[in-house]
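Trainee: Pasting start.txt below, which is compact mmCIF, C-alpha atoms.
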# COMPACT_ATOMS: atom_id res chain seq x y z
CA MET A 144 94.22 120.47 88.05
CA ASN A 145 97.21 122.38 89.40
CA CYS A 146 99.78 120.88 91.71
CA TYR A 147 99.04 121.45 95.40
CA ILE A 148 102.74 122.06 96.06
CA CYS A 149 104.19 124.10 93.19
CA THR A 150 100.93 125.12 91.38
CA ALA A 151 102.21 123.93 87.98
CA PRO A 152 99.68 122.14 85.72
CA ALA A 153 99.17 118.41 86.21
CA GLU A 154 98.51 116.15 83.23
CA TYR A 155 96.96 112.70 82.81
CA TYR A 156 99.46 109.98 83.75
CA PHE A 157 97.64 106.61 83.85
CA SER A 158 94.53 104.85 85.17
CA LYS A 159 93.99 101.93 87.53
CA GLN A 160 90.97 99.66 87.83
CA PHE A 161 90.06 98.89 91.46
CA ASP A 162 86.57 97.35 91.48
CA ARG A 163 86.46 97.28 95.28
CA PHE A 164 85.48 99.55 98.17
CA GLY A 165 83.03 101.30 95.86
CA LEU A 166 85.67 102.33 93.32
CA ASP A 167 86.08 101.40 89.69
CA THR A 168 88.52 103.32 87.45
CA VAL A 169 90.80 105.85 89.15
CA ASP A 170 92.71 108.35 87.00
CA TYR A 171 96.09 109.68 88.09
CA GLU A 172 97.66 112.98 87.09
CA ARG A 173 101.30 114.05 87.33
CA CYS A 174 102.64 117.54 87.99
CA THR A 175 104.60 118.74 84.96
CA ALA A 176 107.16 120.49 87.19
CA CYS A 177 107.81 118.66 90.47
CA GLY A 178 106.45 115.24 89.45
CA THR A 179 104.01 114.84 92.33
CA VAL A 180 101.23 112.43 91.33
CA TYR A 181 97.57 112.81 92.30
CA ALA A 182 94.72 110.30 92.30
CA GLN A 183 92.44 112.79 90.57
CA THR A 184 89.33 110.61 90.77
CA LEU A 185 89.73 110.22 94.54
CA LEU A 186 90.27 113.94 95.01
CA GLU A 187 86.96 114.62 93.25
CA LEU A 188 84.85 112.22 95.35
CA PRO A 189 82.19 113.83 97.56
CA GLU A 190 83.27 113.78 101.21
CA TYR A 191 80.64 111.21 102.21
CA GLN A 192 81.84 108.80 99.51
CA TRP A 193 85.51 109.34 100.37
CA GLN A 194 84.77 108.69 104.04
CA SER A 195 82.98 105.47 103.07
CA VAL A 196 85.99 104.31 101.02
CA CYS A 197 88.34 105.03 103.95
CA GLU A 198 86.16 103.34 106.54
CA ASN A 199 85.56 100.26 104.39
CA TYR A 200 89.22 99.90 103.46
CA HIS A 201 90.66 100.37 106.94
CA GLY A 202 87.82 98.42 108.51
CA SER A 203 88.78 95.42 106.37
CA TYR A 204 91.85 94.79 108.54
CA ARG A 205 91.70 96.93 111.71
CA GLY A 206 91.53 94.93 114.90
CA SER A 207 93.25 91.95 113.28
CA GLY A 208 96.81 93.14 113.95
CA ASP A 209 97.60 92.64 110.27
CA ASN A 210 97.42 94.74 107.13
CA PRO A 211 98.00 92.69 103.96
CA ASP A 212 98.99 95.84 102.04
CA ASP A 213 101.59 96.80 104.68
CA PRO A 214 102.81 93.64 106.45
CA ASN A 215 105.73 95.36 108.22
CA TRP A 216 103.73 98.20 109.76
CA HIS A 217 104.11 97.13 113.40
CA VAL A 218 107.86 96.57 113.18
CA ARG A 219 108.16 99.98 111.53
CA LEU A 220 106.16 101.64 114.32
CA GLU A 221 108.46 100.06 116.90
CA GLN A 222 111.47 101.48 115.07
CA GLN A 223 109.82 104.90 114.85
CA ALA A 224 109.13 104.86 118.58
CA LYS A 225 112.78 104.03 119.28
CA VAL A 226 114.00 106.91 117.10
CA LEU A 227 111.64 109.46 118.64
CA SER A 228 112.49 108.27 122.15
CA LYS A 229 116.21 108.55 121.43
CA LEU A 230 115.82 112.08 120.08
CA ALA A 231 113.82 113.01 123.16
CA ASP A 232 116.38 111.44 125.49
CA ASN A 233 119.21 113.46 123.95
CA GLY A 234 117.24 116.70 124.08
CA LEU A 235 116.61 117.30 120.38
CA LEU A 236 112.88 116.81 120.91
CA ALA A 237 111.38 118.64 123.88
CA THR A 238 109.28 116.50 126.22
CA GLY A 239 107.92 119.23 128.48
CA ARG A 240 105.56 120.56 125.82
CA PRO A 241 102.62 118.92 123.99
CA TRP A 242 103.12 116.16 121.42
CA LEU A 243 100.46 115.09 118.92
CA ASP A 244 100.07 111.93 116.86
CA TYR A 245 98.03 113.25 113.91
CA GLY A 246 96.16 110.61 111.93
CA CYS A 247 96.99 108.11 114.66
CA GLY A 248 94.59 105.33 113.68
CA GLU A 249 94.26 103.02 116.67
CA GLY A 250 97.00 104.93 118.50
CA GLU A 251 99.69 102.23 118.48
CA LEU A 252 102.66 104.57 118.00
CA ALA A 253 101.44 107.04 120.62
CA GLY A 254 100.94 104.14 123.00
CA MET A 255 104.56 103.06 122.53
CA LEU A 256 105.71 106.59 123.39
CA ASP A 257 103.41 107.37 126.33
CA THR A 258 105.62 105.80 128.99
CA GLY A 259 108.88 107.50 128.07
CA ILE A 260 107.62 110.80 126.67
CA GLY A 261 104.45 111.41 128.62
CA GLN A 262 100.87 111.33 127.40
CA ILE A 263 100.78 111.85 123.62
CA ALA A 264 97.68 113.58 122.29
CA ARG A 265 95.90 111.60 119.59
CA TYR A 266 93.80 112.71 116.65
CA ASP A 267 92.29 110.84 113.72
CA ARG A 268 89.60 112.21 111.46
CA TYR A 269 88.07 108.83 110.62
CA TRP A 270 88.96 106.68 113.63
CA LYS A 271 87.46 107.94 116.89
CA LYS A 272 88.22 106.55 120.34
CA GLU A 273 87.62 107.87 123.81
CA GLY A 274 90.19 110.50 124.71
CA TYR A 275 91.04 111.45 121.13
CA LEU A 276 91.17 115.15 120.30
CA GLN A 277 88.34 116.73 118.34
CA GLU A 278 88.78 119.16 115.45
CA THR A 279 88.29 122.09 117.83
CA ASP A 280 91.21 120.88 119.96
CA LEU A 281 93.69 121.24 117.08
CA ILE A 282 95.15 124.61 118.03
CA PRO A 283 97.63 126.08 115.52
CA GLY A 284 101.12 126.52 116.93
CA HIS A 285 100.33 124.47 120.04
CA PHE A 286 102.31 121.25 119.58
CA ASP A 287 106.08 121.09 119.94
CA MET A 288 106.20 117.73 118.18
CA VAL A 289 103.66 116.62 115.59
CA ILE A 290 103.94 113.03 114.39
CA SER A 291 102.21 112.15 111.14
CA THR A 292 102.90 108.63 109.94
CA SER A 293 101.05 107.19 106.94
CA THR A 294 98.84 110.28 106.73
CA LEU A 295 100.20 112.67 104.08
CA GLU A 296 99.33 110.22 101.31
CA HIS A 297 95.65 110.31 102.36
CA LEU A 298 95.07 114.08 102.21
CA ARG A 299 92.85 115.66 99.55
CA SER A 300 93.63 119.38 99.58
CA ARG A 301 96.44 121.83 100.07
CA SER A 302 94.51 123.34 102.96
CA SER A 303 94.51 120.01 104.83
CA MET A 304 98.27 119.72 104.27
CA ASP A 305 98.85 123.22 105.62
CA ALA A 306 96.54 122.62 108.58
CA LEU A 307 98.84 119.81 109.69
CA ALA A 308 101.99 121.94 109.44
CA ARG A 309 100.37 124.88 111.24
CA LEU A 310 99.95 122.78 114.39
CA VAL A 311 103.72 122.85 115.00
CA THR A 312 105.18 125.56 117.26
CA ASP A 313 107.59 128.09 115.76
CA ASP A 314 110.55 126.11 117.13
CA GLY A 315 108.93 122.67 116.99
CA CYS A 316 109.46 119.56 114.87
CA LEU A 317 107.45 117.45 112.45
CA GLY A 318 107.88 113.67 112.22
CA LEU A 319 106.73 112.14 108.93
CA HIS A 320 106.39 108.72 107.41
CA THR A 321 105.21 108.54 103.83
CA LEU A 322 106.67 107.24 100.60
CA VAL A 323 108.92 109.74 98.81
CA ARG A 324 111.07 108.91 95.78
CA GLY A 325 112.77 110.54 92.81
CA GLU A 326 109.98 109.71 90.36
CA ILE A 327 106.58 108.06 90.70
CA PRO A 328 106.39 105.15 88.24
CA CYS A 329 103.84 105.22 85.42
CA ASP A 330 102.58 101.78 86.41
CA PRO A 331 99.01 100.92 87.47
CA ASN A 332 100.38 97.80 89.20
CA TRP A 333 102.73 99.75 91.47
CA PHE A 334 102.33 98.44 95.03
CA TYR A 335 101.62 101.83 96.61
CA LEU A 336 98.46 102.54 94.60
CA LEU A 337 95.91 101.77 97.29
CA PRO A 338 92.24 102.81 97.28
CA VAL A 339 92.93 105.36 100.03
CA HIS A 340 96.17 106.90 98.70
CA THR A 341 95.62 110.24 97.00
CA ILE A 342 99.04 111.94 96.74
CA PHE A 343 102.42 110.46 95.82
CA TYR A 344 105.40 112.65 96.65
CA THR A 345 108.69 113.14 94.84
CA ASN A 346 111.92 114.46 96.32
CA ARG A 347 111.45 117.68 94.34
CA GLY A 348 107.93 118.22 95.57
CA MET A 349 108.71 117.37 99.17
CA ALA A 350 111.72 119.70 99.19
CA GLN A 351 109.44 122.56 98.13
CA LEU A 352 106.86 121.68 100.78
CA PHE A 353 109.64 121.56 103.38
CA ASP A 354 110.73 125.09 102.46
CA GLN A 355 107.19 126.43 102.25
CA TRP A 356 106.47 125.22 105.77
CA GLY A 357 109.54 126.93 107.20
CA PHE A 358 111.74 123.98 108.14
CA LEU A 359 115.52 124.21 107.83
CA SER A 360 117.11 120.78 108.36
CA SER A 361 115.96 117.18 108.39
CA LEU A 362 116.87 113.72 109.60
CA TYR A 363 115.92 110.47 107.88
CA VAL A 364 116.25 107.12 109.67
CA VAL A 365 116.18 104.25 107.19
CA ASP A 366 115.02 101.38 109.43
CA ALA A 367 112.14 103.47 110.77
CA ARG A 368 111.28 105.01 107.37
CA LEU A 369 110.91 108.22 109.36
CA TRP A 370 111.79 111.85 108.66
CA VAL A 371 112.12 114.41 111.43
CA TRP A 372 112.01 118.00 110.22
CA PHE A 373 113.63 120.71 112.34
CA ARG A 374 113.30 124.49 112.33
CA LYS A 375 116.94 124.71 113.39
CA PRO A 376 119.70 124.97 110.77
CA LEU A 377 121.97 121.97 110.34
CA ASN A 378 125.02 123.65 111.87
CA GLN A 379 123.08 124.34 115.07
CA LEU A 380 121.87 120.74 115.30
CA LEU A 381 125.39 119.41 114.83
CA MET A 382 126.77 121.86 117.35
CA GLU A 383 124.30 120.49 119.89
CA LYS A 384 124.59 116.82 118.88
CA PRO A 385 127.61 116.13 116.62
CA GLU A 386 127.06 112.38 117.00
CA LEU A 387 124.04 112.58 114.68
CA VAL A 388 126.31 112.19 111.66
CA SER A 389 127.85 108.95 112.93
CA ILE A 390 124.77 106.86 113.81
CA PRO A 391 124.41 104.03 111.24
CA GLY A 392 121.28 104.43 109.12
CA TRP A 393 120.71 108.03 110.23
CA HIS A 394 121.04 110.64 107.48
CA ILE A 395 120.90 114.37 108.19
CA ALA A 396 120.92 117.32 105.81
CA GLU A 397 120.36 121.02 105.43
CA GLY A 398 116.96 121.23 103.76
CA PHE A 399 114.96 118.12 102.89
CA MET A 400 116.87 114.84 103.21
CA ALA A 401 116.18 113.22 99.81
CA TYR A 402 117.26 109.67 100.62
CA TRP A 403 115.38 107.54 98.09
CA PRO A 404 116.33 107.78 94.39
Any chance you could put this one into C-alpha cells?

Mentor:
Amino acid sequence: MNCYICTAPAEYYFSKQFDRFGLDTVDYERCTACGTVYAQTLLELPEYQWQSVCENYHGSYRGSGDNPDDPNWHVRLEQQAKVLSKLADNGLLATGRPWLDYGCGEGELAGMLDTGIGQIARYDRYWKKEGYLQETDLIPGHFDMVISTSTLEHLRSRSSMDALARLVTDDGCLGLHTLVRGEIPCDPNWFYLLPVHTIFYTNRGMAQLFDQWGFLSSLYVVDARLWVWFRKPLNQLLMEKPELVSIPGWHIAEGFMAYWP
C-alpha cells in the first residue's frame, strides 16, 4: 500500500495475534518516509466485518463506565472539556456558531460542554442515539469547531480523514485527541495495538496532514492530551492572547505542535 498522508510506499513492519472479536493475525505496515503505521489487515476487511469488530469491541465495555484498555478516559474527557471551555471563554473558540463532536461515542464530552458552550452537535458512525446527526447532516464547511477525540486512529481511508477536516469552516478550529509520537515501536505487545486501531501517527506524518488541511498554528495541552489546530498564524494568536505561552502544560507552536518524542 501507499501511505495515506505522504503517498510513499509502506512496507511490512510486524504482525500481532489477536484471537478475539473475530480477528486472528493482523499485519502492520510502516510508511518508508513519514513512519505512519497501518493495520493493513484491518484496512482490508469488508465493511460489514469491520463494523462487527467495532461493535463487538466497544460493546464489551460501553455502559459500564469503564474501559480496561483506557482506564483514564473519563478524567481525560473532563480535562478536555475544561480546556475547550477556557478557550471559548477567552474568545479563541467562537461559541455563536455550530460545534460538532465527531465520533462522539456516548456523547460524554459533548455533554460536559453543552451547558457552557451551548448545544453541541453529535455524530458517531457506529453508535447511534436519538438526536445524533446523520451522514446527510454533515455539511462541509459548516462547523466552526470540530472535536474529534479517539477517532483518527479508527479511520480506514484517506477520504474519511479528509471528510472530517472538510467539516471545519475556513476560519474554524479542529480539536484532536489521538496518540502521536516520534516513531511507532516495532512491538506487537505495544499497548496501543487494539483490535479497532487502524492508523498510528508520527510527528512527521501529522505535521504533513496539518499542512495539507490548511491549518497554521496549534496548541497542545498535556493533561488533556488534546491538540487544538487553528487557521490563524501563531503571531496573530499571541497578539490576541499573549498569556497562552505562560499557562503551565500548554504548548503552542507555528505549524504542528510535536510534543511527544

Trainee: What is the distance, in Å and to one decimal place, between atom CA of A:Met349 and atom CA of A:Ile390?

Mentor: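 Atom CA of A:Ile390 lies at a distance of 24.1 Å from atom CA of A:Met349.
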
Trainee: Nearest to A:Met288: which of A:Gln223, A:Gln192, A:Thr258, A:Thr312 is it, counting only C-alpha atoms?

Mentor: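 So, comparing all the options, the nearest one is A:Thr312.
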
Trainee: Using all atoms listed in the file, which of A:Leu185, A:Ala224, A:Glu296, A:Trp333 sits nearest A:Gly254?

Mentor: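 Between A:Leu185, A:Ala224, A:Glu296, A:Trp333, the residue approaching A:Gly254 most closely is A:Ala224.
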
Trainee: Just checking: using only C-alpha atoms, which residue out of A:Asp314, A:Glu221, A:Glu198, A:Glu154 ends up closest to A:Pro338?

Mentor: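 Smallest distance to A:Pro338 is found for A:Glu198.
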
Trainee: What separation in Å, quoted to one decimal, exists between atom CA of A:Leu188 and atom CA of A:Ser291?

Mentor: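 Atom-to-atom, atom CA of A:Leu188 to atom CA of A:Ser291, that is 23.5 Å.
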
Trainee: What's the 9 Å shell around A:Arg299, counting only C-alpha atoms, without same-chain residues fewer than 3 positions away, as a compact mmCIF listing (two decimals) with C-alpha atoms, in the frame of the given file?

Mentor:
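Final output, out_32.txt:
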# COMPACT_ATOMS: atom_id res chain seq x y z
CA LEU A 185 89.73 110.22 94.54
CA LEU A 186 90.27 113.94 95.01
CA GLU A 187 86.96 114.62 93.25
CA GLU A 296 99.33 110.22 101.31
CA SER A 302 94.51 123.34 102.96
CA SER A 303 94.51 120.01 104.83
CA MET A 304 98.27 119.72 104.27
CA THR A 341 95.62 110.24 97.00
CA ILE A 342 99.04 111.94 96.74

Trainee: Applying 7 Å and all atoms listed in the file, which residues near A:Arg324 remain after dropping the ones on its own chain fewer than 3 positions away? List them as a PyMOL selection string.

Mentor: chain A and resi 327+344-346+403-404

Trainee: Measuring atom to atom with all atoms listed in the file, identify which of A:Met144, A:Cys177, A:Leu362, A:Leu310 is nearest to A:Leu227.

Mentor: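 Checking each candidate against A:Leu227, we get A:Leu362 as the closest.
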
Trainee: List every protein, DNA or RNA residue with an atom no more than 12 Å from (108.3, 111.4, 126.3) in the file's coordinates, counting only C-alpha atoms, and format the result as a PyMOL selection string.

Mentor: chain A and resi 224-243+253-264+287-288

Trainee: Let me make sure I understand: among A:Leu336, A:Cys149, A:Val180, A:Leu252, which one has the smallest atom-to-atom distance to A:Phe353 if we use only C-alpha atoms?

Mentor: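 Smallest distance to A:Phe353 is found for A:Cys149.
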
Trainee: Residues within 12 Å of A:Leu281, please, as a PDB file with C-alpha atoms, in the coordinates of the input. Count all atoms listed in the file; anything in the same chain fewer than 4 positions from it doesn't count.

Mentor:
ATOM      1  CA  PRO A 241     102.620 118.920 123.990  1.00  0.00           C
ATOM      2  CA  TRP A 242     103.120 116.160 121.420  1.00  0.00           C
ATOM      3  CA  LEU A 243     100.460 115.090 118.920  1.00  0.00           C
ATOM      4  CA  ASP A 244     100.070 111.930 116.860  1.00  0.00           C
ATOM      5  CA  TYR A 245      98.030 113.250 113.910  1.00  0.00           C
ATOM      6  CA  ALA A 264      97.680 113.580 122.290  1.00  0.00           C
ATOM      7  CA  ARG A 265      95.900 111.600 119.590  1.00  0.00           C
ATOM      8  CA  TYR A 266      93.800 112.710 116.650  1.00  0.00           C
ATOM      9  CA  ASP A 267      92.290 110.840 113.720  1.00  0.00           C
ATOM     10  CA  ARG A 268      89.600 112.210 111.460  1.00  0.00           C
ATOM     11  CA  TYR A 275      91.040 111.450 121.130  1.00  0.00           C
ATOM     12  CA  LEU A 276      91.170 115.150 120.300  1.00  0.00           C
ATOM     13  CA  GLN A 277      88.340 116.730 118.340  1.00  0.00           C
ATOM     14  CA  HIS A 285     100.330 124.470 120.040  1.00  0.00           C
ATOM     15  CA  PHE A 286     102.310 121.250 119.580  1.00  0.00           C
ATOM     16  CA  VAL A 289     103.660 116.620 115.590  1.00  0.00           C
ATOM     17  CA  ALA A 306      96.540 122.620 108.580  1.00  0.00           C
ATOM     18  CA  LEU A 307      98.840 119.810 109.690  1.00  0.00           C
ATOM     19  CA  ALA A 308     101.990 121.940 109.440  1.00  0.00           C
ATOM     20  CA  ARG A 309     100.370 124.880 111.240  1.00  0.00           C
ATOM     21  CA  LEU A 310      99.950 122.780 114.390  1.00  0.00           C
ATOM     22  CA  VAL A 311     103.720 122.850 115.000  1.00  0.00           C
TER      23      VAL A 311
END

Trainee: Which one is closest to A:Ser158: A:Thr175, A:Glu249, A:Ser389, A:Ala182? Count only C-alpha atoms.

Mentor: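 Going through A:Thr175, A:Glu249, A:Ser389, A:Ala182 one by one, the smallest distance to A:Ser158 is for A:Ala182.
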
Trainee: To one decimal in Å, tell me the separation between atom CA of A:Ser195 and atom CA of A:Ile148.

Mentor: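 It comes out at 26.7 Å.
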
Trainee: With only C-alpha atoms as the counted atoms, please give the residues lying no more than 9 Å from A:Phe164, apart from itself and same-chain residues fewer than 2 positions off, as a compact mmCIF listing (two decimals) with C-alpha atoms, keeping the file's coordinate frame.

Mentor:
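Saved file result22.txt follows:
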# COMPACT_ATOMS: atom_id res chain seq x y z
CA PHE A 161 90.06 98.89 91.46
CA ASP A 162 86.57 97.35 91.48
CA LEU A 166 85.67 102.33 93.32
CA ASP A 167 86.08 101.40 89.69
CA SER A 195 82.98 105.47 103.07
CA VAL A 196 85.99 104.31 101.02
CA CYS A 197 88.34 105.03 103.95
CA ASN A 199 85.56 100.26 104.39
CA TYR A 200 89.22 99.90 103.46
CA PRO A 338 92.24 102.81 97.28

Trainee: Would you list the residues near (95.4, 104.1, 104.2), meaning any protein, DNA or RNA residue with an atom at most 12 Å from that point in file coordinates, counting only C-alpha atoms, as a PyMOL selection string?

Mentor: chain A and resi 193-194+196-205+210-213+216+246-248+269-270+292-298+321+335-342

Trainee: Taking 3 positions as the minimum chain separation for residues in the same chain, which residues sit within 7 Å of A:Arg374 when counting only C-alpha atoms? Answer as a ChimeraX atom specification.

Mentor: /A:314-316,357-360

Trainee: Centre and edge lengths, as lines of an AutoDock Vina configuration file, for the axis-aligned box enclosing every listed atom of stretch 367-372 of chain A with 3 Å of padding on each of the six sides, in Å to one decimal?

Mentor:
center_x = 111.5
center_y = 110.7
center_z = 109.4
size_x = 7.2
size_y = 20.5
size_z = 10.1
